[in-house]
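Below is the file coords-v8.txt, which contains compact mmCIF, C-alpha atoms.
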```
# COMPACT_ATOMS: atom_id res chain seq x y z
CA MET D 1314 -2.25 0.81 95.57
CA ASP D 1315 -2.25 3.50 92.88
CA GLY D 1316 -3.45 6.10 95.36
CA ALA D 1317 -0.73 5.09 97.81
CA THR D 1318 1.88 5.53 95.10
CA GLU D 1319 0.55 8.99 94.30
CA ARG D 1320 1.13 9.97 97.92
CA GLY D 1321 4.73 8.85 97.77
CA ILE D 1322 4.36 5.33 99.14
CA ASP D 1323 5.77 2.90 96.60
CA ARG D 1324 4.92 -0.78 96.39
CA ARG D 1325 8.22 -1.98 97.78
CA SER D 1326 7.90 0.10 100.93
CA LEU D 1327 4.32 -1.08 101.23
CA ILE D 1328 5.30 -4.74 101.36
CA ARG D 1329 8.69 -4.66 103.05
CA ALA D 1330 9.58 -7.90 104.82
CA GLY D 1331 10.56 -8.37 108.45
CA GLY D 1332 14.13 -9.00 109.54
CA VAL D 1333 16.46 -6.08 110.18
CA GLY D 1334 13.69 -3.49 109.93
CA ALA D 1335 11.47 -5.42 112.30
CA LEU D 1336 14.36 -5.90 114.70
CA ALA D 1337 15.12 -2.20 114.71
CA LEU D 1338 11.48 -1.45 115.39
CA ALA D 1339 11.40 -3.92 118.26
CA MET D 1340 14.57 -2.53 119.81
CA GLY D 1341 13.39 1.03 119.42
CA THR D 1342 9.98 0.44 120.96
CA GLY D 1343 11.10 -1.57 123.96
CA LEU D 1344 9.36 -4.43 125.71
CA GLY D 1345 7.56 -2.76 128.58
CA THR D 1346 4.23 -3.51 130.21
CA PRO D 1347 1.18 -4.37 128.08
CA ALA D 1348 -0.92 -1.51 126.79
CA GLN D 1349 -3.56 -0.43 129.27
CA ALA D 1350 -7.05 0.09 127.89
CA LYS D 1351 -9.56 2.59 129.20
CA THR D 1352 -12.43 0.12 129.54
CA GLU D 1353 -12.89 -3.41 130.77
CA ARG D 1354 -14.41 -4.72 127.56
CA ALA D 1355 -13.73 -4.36 123.86
CA PRO D 1356 -15.49 -1.32 122.38
CA LYS D 1357 -18.67 -2.03 120.43
CA ARG D 1358 -17.13 -0.35 117.41
CA LEU D 1359 -13.41 -0.22 116.70
CA ARG D 1360 -12.01 3.20 115.81
CA PHE D 1361 -8.87 4.66 114.30
CA ASN D 1362 -6.70 6.50 116.80
CA ALA D 1363 -6.73 10.28 117.09
CA ASP D 1364 -3.78 10.50 114.70
CA GLY D 1365 -5.71 8.53 112.09
CA ARG D 1366 -3.59 5.39 112.50
CA PHE D 1367 -4.54 1.80 113.28
CA LYS D 1368 -2.41 -1.35 113.55
CA ILE D 1369 -3.38 -5.00 113.06
CA VAL D 1370 -1.33 -8.05 114.03
CA GLN D 1371 -1.96 -11.43 112.37
CA PHE D 1372 -1.13 -14.66 114.19
CA ASN D 1373 -1.82 -18.00 112.52
CA ASP D 1374 -1.08 -21.68 113.08
CA THR D 1375 -0.51 -21.40 116.82
CA GLN D 1376 -1.64 -25.04 116.47
CA ASP D 1377 -0.89 -26.75 119.78
CA ASP D 1378 -2.75 -28.62 122.50
CA HIS D 1379 -3.50 -27.69 126.11
CA ARG D 1380 0.22 -27.95 126.95
CA THR D 1381 1.32 -25.22 124.55
CA ASP D 1382 4.99 -24.59 123.84
CA ARG D 1383 5.93 -21.67 126.08
CA ARG D 1384 7.78 -19.96 123.22
CA THR D 1385 4.56 -19.57 121.22
CA LEU D 1386 3.14 -17.55 124.09
CA GLU D 1387 6.38 -15.65 124.58
CA LEU D 1388 6.49 -14.74 120.90
CA MET D 1389 2.89 -13.53 120.93
CA GLY D 1390 3.51 -11.46 124.03
CA ARG D 1391 6.68 -9.90 122.69
CA VAL D 1392 5.00 -8.99 119.41
CA LEU D 1393 2.02 -7.45 121.19
CA ASP D 1394 4.14 -5.47 123.64
CA THR D 1395 6.37 -4.17 120.86
CA GLU D 1396 3.83 -3.46 118.14
CA GLN D 1397 1.00 -2.27 120.43
CA PRO D 1398 -1.71 -3.27 117.92
CA ASP D 1399 -5.27 -2.03 117.95
CA LEU D 1400 -6.58 -5.39 116.73
CA VAL D 1401 -5.29 -8.98 116.58
CA VAL D 1402 -6.58 -11.51 114.07
CA LEU D 1403 -6.08 -15.26 114.64
CA VAL D 1404 -6.13 -16.78 111.15
CA GLY D 1405 -6.97 -20.41 111.82
CA ASP D 1406 -5.39 -23.62 113.07
CA ASN D 1407 -5.58 -22.05 116.49
CA ILE D 1408 -5.24 -25.54 118.05
CA ASN D 1409 -4.27 -29.03 116.90
CA GLY D 1410 -5.87 -32.46 117.21
CA GLY D 1411 -4.18 -33.30 120.50
CA PRO D 1412 -6.84 -32.38 123.08
CA ARG D 1413 -8.79 -35.37 124.39
CA THR D 1414 -11.56 -33.52 126.21
CA THR D 1415 -13.57 -30.33 125.87
CA LEU D 1416 -11.64 -28.94 128.83
CA GLU D 1417 -8.34 -29.53 127.05
CA MET D 1418 -9.65 -27.85 123.90
CA LYS D 1419 -10.70 -24.83 125.94
CA GLN D 1420 -7.32 -24.77 127.67
CA ALA D 1421 -5.47 -24.92 124.35
CA LEU D 1422 -7.50 -21.99 123.02
CA ASN D 1423 -7.28 -20.06 126.27
CA ASN D 1424 -3.47 -20.24 126.28
CA VAL D 1425 -3.47 -18.28 123.03
CA ILE D 1426 -6.38 -16.00 123.85
CA GLN D 1427 -4.89 -14.85 127.15
CA GLN D 1428 -2.07 -13.11 125.33
CA MET D 1429 -4.59 -10.54 124.06
CA GLU D 1430 -6.98 -10.65 126.99
CA SER D 1431 -4.27 -9.92 129.55
CA ARG D 1432 -3.26 -6.87 127.51
CA GLN D 1433 -6.84 -5.74 126.82
CA ILE D 1434 -6.36 -5.82 123.05
CA PRO D 1435 -9.41 -6.43 120.83
CA TRP D 1436 -9.13 -9.65 118.86
CA ALA D 1437 -11.04 -11.79 116.42
CA ALA D 1438 -10.51 -15.29 115.04
CA THR D 1439 -11.34 -17.39 112.04
CA PHE D 1440 -10.88 -21.13 111.53
CA GLY D 1441 -8.45 -23.46 109.76
CA ASN D 1442 -8.45 -27.10 108.75
CA HIS D 1443 -7.15 -28.39 112.10
CA ASP D 1444 -9.49 -26.61 114.53
CA GLU D 1445 -11.99 -29.48 114.51
CA ASP D 1446 -9.45 -32.32 114.52
CA SER D 1447 -10.40 -33.08 118.15
CA THR D 1448 -14.13 -32.56 117.69
CA GLY D 1449 -14.84 -36.22 117.00
CA ARG D 1450 -13.70 -37.03 120.55
CA THR D 1451 -14.99 -33.95 122.32
CA GLY D 1452 -18.01 -32.70 120.38
CA PHE D 1453 -16.57 -29.20 120.72
CA ASP D 1454 -16.99 -27.99 117.15
CA GLU D 1455 -16.27 -24.64 115.52
CA ALA D 1456 -19.69 -23.25 116.42
CA ALA D 1457 -18.94 -24.04 120.07
CA GLN D 1458 -15.47 -22.55 119.71
CA LEU D 1459 -16.94 -19.35 118.29
CA ASP D 1460 -19.31 -19.10 121.26
CA PHE D 1461 -16.30 -19.71 123.52
CA PHE D 1462 -14.42 -16.85 121.83
CA ARG D 1463 -17.36 -14.50 122.16
CA GLY D 1464 -17.47 -15.04 125.91
CA TYR D 1465 -14.15 -13.22 126.37
CA ARG D 1466 -14.13 -9.53 127.23
CA TRP D 1467 -11.90 -8.41 124.35
CA ASN D 1468 -13.24 -10.61 121.57
CA VAL D 1469 -14.93 -8.78 118.68
CA ASN D 1470 -16.28 -11.71 116.64
CA ASP D 1471 -19.97 -11.61 115.88
CA LYS D 1472 -22.15 -14.68 115.31
CA GLY D 1473 -21.24 -14.70 111.64
CA ALA D 1474 -23.33 -14.74 108.49
CA ARG D 1475 -26.29 -17.12 108.59
CA ASP D 1476 -27.18 -19.81 106.11
CA ILE D 1477 -23.88 -19.92 104.25
CA THR D 1478 -20.99 -22.38 104.34
CA GLY D 1479 -18.55 -22.12 107.24
CA THR D 1480 -18.54 -20.70 110.73
CA GLY D 1481 -18.13 -17.06 111.70
CA ASN D 1482 -17.88 -15.48 108.23
CA MET D 1483 -18.01 -11.77 109.01
CA SER D 1484 -16.85 -8.27 108.23
CA LEU D 1485 -15.49 -6.09 111.03
CA LEU D 1486 -15.81 -2.37 110.38
CA ILE D 1487 -13.34 0.09 111.87
CA ASP D 1488 -14.62 3.65 112.21
CA ASP D 1489 -12.60 6.74 111.39
CA SER D 1490 -10.92 8.63 114.22
CA GLU D 1491 -14.01 10.77 114.80
CA GLY D 1492 -16.35 7.78 114.85
CA LYS D 1493 -18.43 9.22 112.02
CA ALA D 1494 -18.14 6.50 109.36
CA PRO D 1495 -16.29 3.25 108.61
CA ALA D 1496 -12.76 3.87 107.32
CA PHE D 1497 -11.70 0.22 106.91
CA ASN D 1498 -13.14 -3.27 106.86
CA VAL D 1499 -11.68 -6.58 108.04
CA TRP D 1500 -13.18 -9.61 106.31
CA LEU D 1501 -12.89 -12.98 108.08
CA LEU D 1502 -13.82 -16.09 106.11
CA ASP D 1503 -13.86 -19.73 107.10
CA SER D 1504 -11.96 -21.48 104.30
CA GLY D 1505 -13.00 -24.91 105.57
CA ARG D 1506 -11.12 -28.07 106.39
CA TYR D 1507 -10.84 -30.92 103.89
CA ALA D 1508 -12.40 -31.85 100.56
CA PRO D 1509 -15.27 -34.34 100.77
CA ASP D 1510 -14.57 -37.97 99.89
CA THR D 1511 -16.42 -37.70 96.61
CA ILE D 1512 -18.44 -35.31 94.47
CA ALA D 1513 -20.72 -36.72 91.77
CA GLY D 1514 -19.23 -40.15 92.50
CA GLN D 1515 -15.67 -39.00 91.79
CA ASP D 1516 -12.94 -38.95 94.45
CA PHE D 1517 -10.06 -36.50 94.73
CA ALA D 1518 -7.15 -38.87 94.15
CA GLY D 1519 -4.39 -36.86 92.51
CA TYR D 1520 -5.87 -33.51 93.60
CA PRO D 1521 -5.22 -31.40 96.72
CA ASP D 1522 -7.52 -32.56 99.50
CA TRP D 1523 -7.94 -29.25 101.35
CA ASP D 1524 -11.19 -27.32 101.38
CA TRP D 1525 -12.09 -24.16 99.46
CA LEU D 1526 -14.36 -21.13 99.73
CA ARG D 1527 -17.80 -22.04 98.46
CA GLY D 1528 -20.05 -20.15 96.07
CA ASP D 1529 -22.42 -18.95 98.79
CA GLN D 1530 -19.49 -17.38 100.65
CA ILE D 1531 -18.41 -15.56 97.50
CA GLY D 1532 -21.98 -14.41 96.99
CA TRP D 1533 -22.18 -13.21 100.58
CA TYR D 1534 -19.00 -11.15 100.17
CA LEU D 1535 -20.27 -9.58 96.92
CA GLU D 1536 -23.62 -8.68 98.51
CA GLU D 1537 -22.13 -7.36 101.76
CA SER D 1538 -19.58 -5.30 99.86
CA ALA D 1539 -22.21 -3.82 97.56
CA GLN D 1540 -24.58 -3.02 100.43
CA LEU D 1541 -21.79 -1.35 102.40
CA GLU D 1542 -20.94 0.82 99.39
CA LYS D 1543 -24.60 1.75 99.02
CA ARG D 1544 -24.90 2.74 102.69
CA GLN D 1545 -21.67 4.73 102.77
CA GLY D 1546 -21.80 6.20 99.28
CA ARG D 1547 -18.30 4.87 98.60
CA LYS D 1548 -16.30 1.67 98.69
CA VAL D 1549 -14.75 0.95 102.08
CA PRO D 1550 -11.23 -0.48 101.71
CA GLY D 1551 -10.33 -3.59 103.64
CA LEU D 1552 -8.23 -6.69 104.22
CA MET D 1553 -9.44 -10.27 103.91
CA PHE D 1554 -8.15 -13.03 106.17
CA LEU D 1555 -8.67 -16.74 105.50
CA HIS D 1556 -6.63 -19.75 106.51
CA ILE D 1557 -6.20 -21.66 103.24
CA PRO D 1558 -4.55 -19.70 100.41
CA LEU D 1559 -6.12 -18.89 97.08
CA TRP D 1560 -4.79 -20.46 93.91
CA GLU D 1561 -3.69 -16.96 92.94
CA HIS D 1562 -1.06 -17.06 95.68
CA ARG D 1563 0.71 -19.75 93.66
CA PHE D 1564 0.09 -18.06 90.31
CA MET D 1565 1.68 -14.87 91.64
CA TRP D 1566 4.86 -16.59 92.85
CA TRP D 1567 5.56 -17.95 89.37
CA ALA D 1568 3.86 -15.25 87.27
CA SER D 1569 2.34 -18.24 85.55
CA VAL D 1570 -0.39 -20.85 85.87
CA ASP D 1571 1.50 -23.82 84.44
CA SER D 1572 5.23 -23.05 84.24
CA ARG D 1573 7.36 -23.09 87.41
CA THR D 1574 10.97 -22.28 86.60
CA ALA D 1575 13.53 -20.05 88.27
CA ALA D 1576 13.14 -17.65 85.38
CA ASP D 1577 9.38 -17.56 85.92
CA HIS D 1578 9.87 -16.63 89.55
CA GLN D 1579 12.43 -13.94 88.75
CA ARG D 1580 9.94 -12.41 86.34
CA ALA D 1581 7.29 -12.63 89.08
CA VAL D 1582 9.53 -10.84 91.60
CA GLN D 1583 9.83 -7.89 89.25
CA LYS D 1584 6.24 -7.89 88.06
CA HIS D 1585 4.57 -8.44 91.43
CA SER D 1586 7.17 -6.92 93.82
CA ILE D 1587 7.41 -10.17 95.78
CA VAL D 1588 9.35 -10.26 99.04
CA GLY D 1589 9.67 -13.08 101.56
CA GLU D 1590 10.25 -16.82 101.46
CA ARG D 1591 8.46 -19.79 99.92
CA ASN D 1592 9.66 -23.04 101.48
CA GLU D 1593 6.73 -25.31 100.61
CA ASP D 1594 4.13 -25.58 97.88
CA GLU D 1595 0.98 -23.61 98.44
CA CYS D 1596 -1.83 -25.91 99.55
CA PRO D 1597 -5.17 -24.63 98.24
CA GLY D 1598 -8.12 -26.93 97.59
CA PRO D 1599 -8.88 -28.77 94.35
CA PHE D 1600 -11.10 -25.99 92.96
CA ASN D 1601 -10.44 -22.31 92.37
CA SER D 1602 -13.21 -20.64 94.33
CA GLY D 1603 -13.39 -17.49 92.22
CA MET D 1604 -12.86 -15.24 95.24
CA PHE D 1605 -10.03 -13.33 93.58
CA SER D 1606 -12.23 -12.59 90.58
CA ALA D 1607 -14.94 -11.34 92.96
CA ILE D 1608 -12.42 -9.11 94.74
CA GLN D 1609 -11.26 -7.70 91.41
CA HIS D 1610 -14.89 -7.02 90.52
CA ARG D 1611 -15.63 -5.13 93.74
CA GLY D 1612 -12.31 -3.32 94.09
CA ASP D 1613 -12.48 -2.80 97.87
CA VAL D 1614 -10.22 -5.53 99.30
CA LYS D 1615 -6.60 -4.33 99.28
CA GLY D 1616 -5.04 -7.60 100.43
CA VAL D 1617 -5.78 -11.28 101.08
CA PHE D 1618 -3.67 -12.92 103.78
CA CYS D 1619 -3.59 -16.53 104.89
CA GLY D 1620 -1.70 -19.06 107.01
CA HIS D 1621 -1.81 -22.85 106.49
CA ASP D 1622 1.64 -23.21 104.88
CA HIS D 1623 3.77 -22.51 107.94
CA VAL D 1624 7.09 -21.80 106.27
CA ASN D 1625 5.89 -19.41 103.58
CA THR D 1626 6.25 -15.75 104.49
CA TYR D 1627 5.98 -13.94 101.17
CA VAL D 1628 3.76 -11.12 99.97
CA GLY D 1629 3.37 -9.48 96.58
CA ASN D 1630 1.13 -7.19 94.57
CA TYR D 1631 -1.02 -9.32 92.26
CA TYR D 1632 -2.81 -7.01 89.86
CA GLY D 1633 -3.46 -4.38 92.51
CA VAL D 1634 -4.27 -6.73 95.41
CA LEU D 1635 -1.67 -7.81 97.97
CA LEU D 1636 -1.53 -11.58 98.39
CA GLY D 1637 0.52 -12.90 101.27
CA TYR D 1638 1.16 -15.18 104.19
CA GLY D 1639 1.57 -14.71 107.88
CA PRO D 1640 4.46 -16.86 109.12
CA GLY D 1641 3.48 -19.78 111.34
CA THR D 1642 3.36 -18.58 114.95
CA GLY D 1643 3.30 -21.84 116.91
CA PHE D 1644 6.44 -23.67 118.06
CA GLY D 1645 4.48 -26.90 118.58
CA THR D 1646 3.91 -27.71 114.91
CA TYR D 1647 6.04 -28.33 111.83
CA GLY D 1648 8.57 -25.78 110.64
CA LEU D 1649 11.61 -25.87 108.39
CA GLY D 1650 13.01 -29.00 110.03
CA GLY D 1651 16.36 -29.69 111.65
CA THR D 1652 18.28 -26.98 113.45
CA ASP D 1653 16.48 -24.38 111.31
CA ASN D 1654 13.03 -25.62 112.34
CA HIS D 1655 11.88 -22.50 114.21
CA ARG D 1656 13.66 -19.83 112.17
CA LEU D 1657 10.44 -18.45 110.65
CA ARG D 1658 8.14 -18.50 113.68
CA GLY D 1659 6.53 -15.09 113.65
CA ALA D 1660 3.62 -12.75 112.95
CA ARG D 1661 2.55 -10.26 110.31
CA VAL D 1662 1.86 -6.60 111.06
CA PHE D 1663 -0.33 -4.16 109.10
CA THR D 1664 -0.19 -0.39 109.47
CA LEU D 1665 -3.26 1.60 108.42
CA ASP D 1666 -3.69 5.35 107.98
CA GLN D 1667 -7.11 6.77 107.23
CA ASN D 1668 -5.50 9.78 105.56
CA VAL D 1669 -3.87 7.67 102.83
CA ASP D 1670 -5.74 6.50 99.75
CA GLY D 1671 -6.48 2.82 100.23
CA VAL D 1672 -5.71 3.20 103.97
CA LEU D 1673 -3.21 0.28 104.04
CA VAL D 1674 0.23 1.87 104.41
CA GLU D 1675 2.54 -1.13 104.83
CA THR D 1676 2.87 -4.70 106.03
CA HIS D 1677 5.88 -6.54 107.42
CA ASN D 1678 6.76 -9.69 109.32
CA VAL D 1679 8.36 -9.94 112.73
CA PHE D 1680 10.07 -13.15 113.82
CA ALA D 1681 10.95 -14.88 117.08
CA LYS D 1682 14.62 -14.53 116.20
CA ASP D 1683 14.19 -10.73 116.24
CA PHE D 1684 13.39 -10.95 119.96
CA GLY D 1685 16.13 -13.40 120.90
CA ILE D 1686 13.62 -16.15 121.67
CA ASP D 1687 15.14 -19.62 122.00
CA LEU D 1688 14.97 -21.41 118.64
CA THR D 1689 16.30 -24.76 119.85
CA ASN D 1690 14.48 -27.57 118.06
CA ASN D 1691 12.93 -29.22 121.11
CA ASP D 1692 9.68 -29.40 123.04
CA GLN D 1693 9.13 -26.69 125.64
CA SER D 1694 5.46 -27.26 126.39
CA VAL D 1695 4.11 -26.04 129.73
CA ASP D 1696 1.03 -26.59 131.85
CA PRO D 1697 -2.08 -24.71 130.66
CA LEU D 1698 -2.98 -21.26 131.91
CA PRO D 1699 -6.01 -21.11 134.21
CA LEU D 1700 -9.35 -20.60 132.52
CA PRO D 1701 -11.25 -17.44 133.47
CA PRO D 1702 -14.21 -18.01 135.83
CA GLY D 1703 -17.20 -19.45 134.00
CA ARG D 1704 -15.27 -20.42 130.90
```
Can the structure in the file be given as structure tokens, please?
Amino acid sequence: MDGATERGIDRRSLIRAGGVGALALAMGTGLGTPAQAKTERAPKRLRFNADGRFKIVQFNDTQDDHRTDRRTLELMGRVLDTEQPDLVVLVGDNINGGPRTTLEMKQALNNVIQQMESRQIPWAATFGNHDEDSTGRTGFDEAAQLDFFRGYRWNVNDKGARDITGTGNMSLLIDDSEGKAPAFNVWLLDSGRYAPDTIAGQDFAGYPDWDWLRGDQIGWYLEESAQLEKRQGRKVPGLMFLHIPLWEHRFMWWASVDSRTAADHQRAVQKHSIVGERNEDECPGPFNSGMFSAIQHRGDVKGVFCGHDHVNTYVGNYYGVLLGYGPGTGFGTYGLGGTDNHRLRGARVFTLDQNVDGVLVETHNVFAKDFGIDLTNNDQSVDPLPLPPGR
């Protein structure tokens, strides 16, 4: 962040929210045909464009069954056509617990996936707490879902790190515009599902019952980061995506661990340059994983972004690392409630520039309301899209 400031990019421009700015961008860009790629399959290595720029779109909590709300798909399509990203990241809770069969699970996932596939946009996914809610009936677990993802032409997930907790933990390197060396790294971590019933004979009554990043995942990140620095002779900046927030997301909002007053938050806004909304408590697991401390130690991750809490949209600078949310994308799951239920359905956008120190130039949200999408609080689910042959 310091390097970005030296080049004239201040923190507030770096973390501007969506809204009027996003609407102006959408109107200025137009909503034409999807971007046409030059090949029929995602490139083996992603690369910055000739102008040194690269754009990432984050969708999270699409969270529906095989009869997905049509507005979720419309929103995704409008965002993709307007922003023209070079990479899409699905940050967990890609489906809900509604599917009754493996076919229905595949259909639910395919509805979302086709928004990128039809536009030939590279995409990757990580998992949330709801992605295996149907697995008990279907047997289609996250490992099977990852294999399903990898069968699509434009998916860029790899098999994930072996012998550590979670499914599909990976780093995705993006080469510079000349293809000579990595300019940026995208870390995808599986933040798990739910806390176990007991540990050491003690239950979690009174504590949050979500999952958390485990020690072996933290160790994997530290080792991968150090090895990458050794190979490249420098630290490669990056973003980290995981579904369940860190405890530090909450600490940042209040500029405090224990106190949660309006005055605390006002101090936090000034200290951490916070923008965006917080409409529900953050829902991390019962233990602080230590990931933020590891990130501080390595100094390569410029931001950690999550989903999980659908109606939180904020982002701030927490001691040099951006911590933020992508707004919930799916219309088929909970929102604000009442007539305002769908007001914050949206996506987060990241603009990268390899010529800027730290590479991350800015991030902002775009919302369904910016595109004039129907926000009526009702069910507009539709029949599933056809699966590709062999899927």
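The smallest atom-to-atom distance between Thr1439 (chain D) and any of D:Ile1369, D:Val1549, D:Leu1555, D:Leu1359, using only C-alpha atoms, is found for D:Leu1555.
Between Pro1356 (chain D) and the residues D:Gln1433, D:Thr1664, D:Gln1376, D:Asn1424, the shortest atom-to-atom distance, using all atoms listed in the file, involves D:Gln1433.
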Listed atoms of region 1361-1372 of chain D, axis-aligned box, 6 Å per side: centre and edge lengths to one decimal in Å, as lines of an AutoDock Vina configuration file?
```
center_x = -5.0
center_y = -2.1
center_z = 114.6
size_x = 19.7
size_y = 37.2
size_z = 17.0
```
Contacts of Asp1406 (chain D) at 12 Å (all atoms listed in the file; same-chain gap of 3+ positions) as a PyMOL selection string:
chain D and resi 1372-1378+1403+1409-1410+1421-1422+1425+1438-1447+1455+1503-1506+1555-1557+1619-1623+1641-1643+1645-1646
Residue among D:Val1695, D:Leu1552, D:Cys1596, D:Met1418 lying closest to Tyr1520 (chain D), counting only C-alpha atoms
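Among the listed residues, D:Cys1596 lies closest to Tyr1520 (chain D).
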Between D:Arg1544, D:Pro1640, D:Gly1452, D:Gly1612, which is the closest to Arg1591 (chain D) once you count all atoms listed in the file?
D:Pro1640
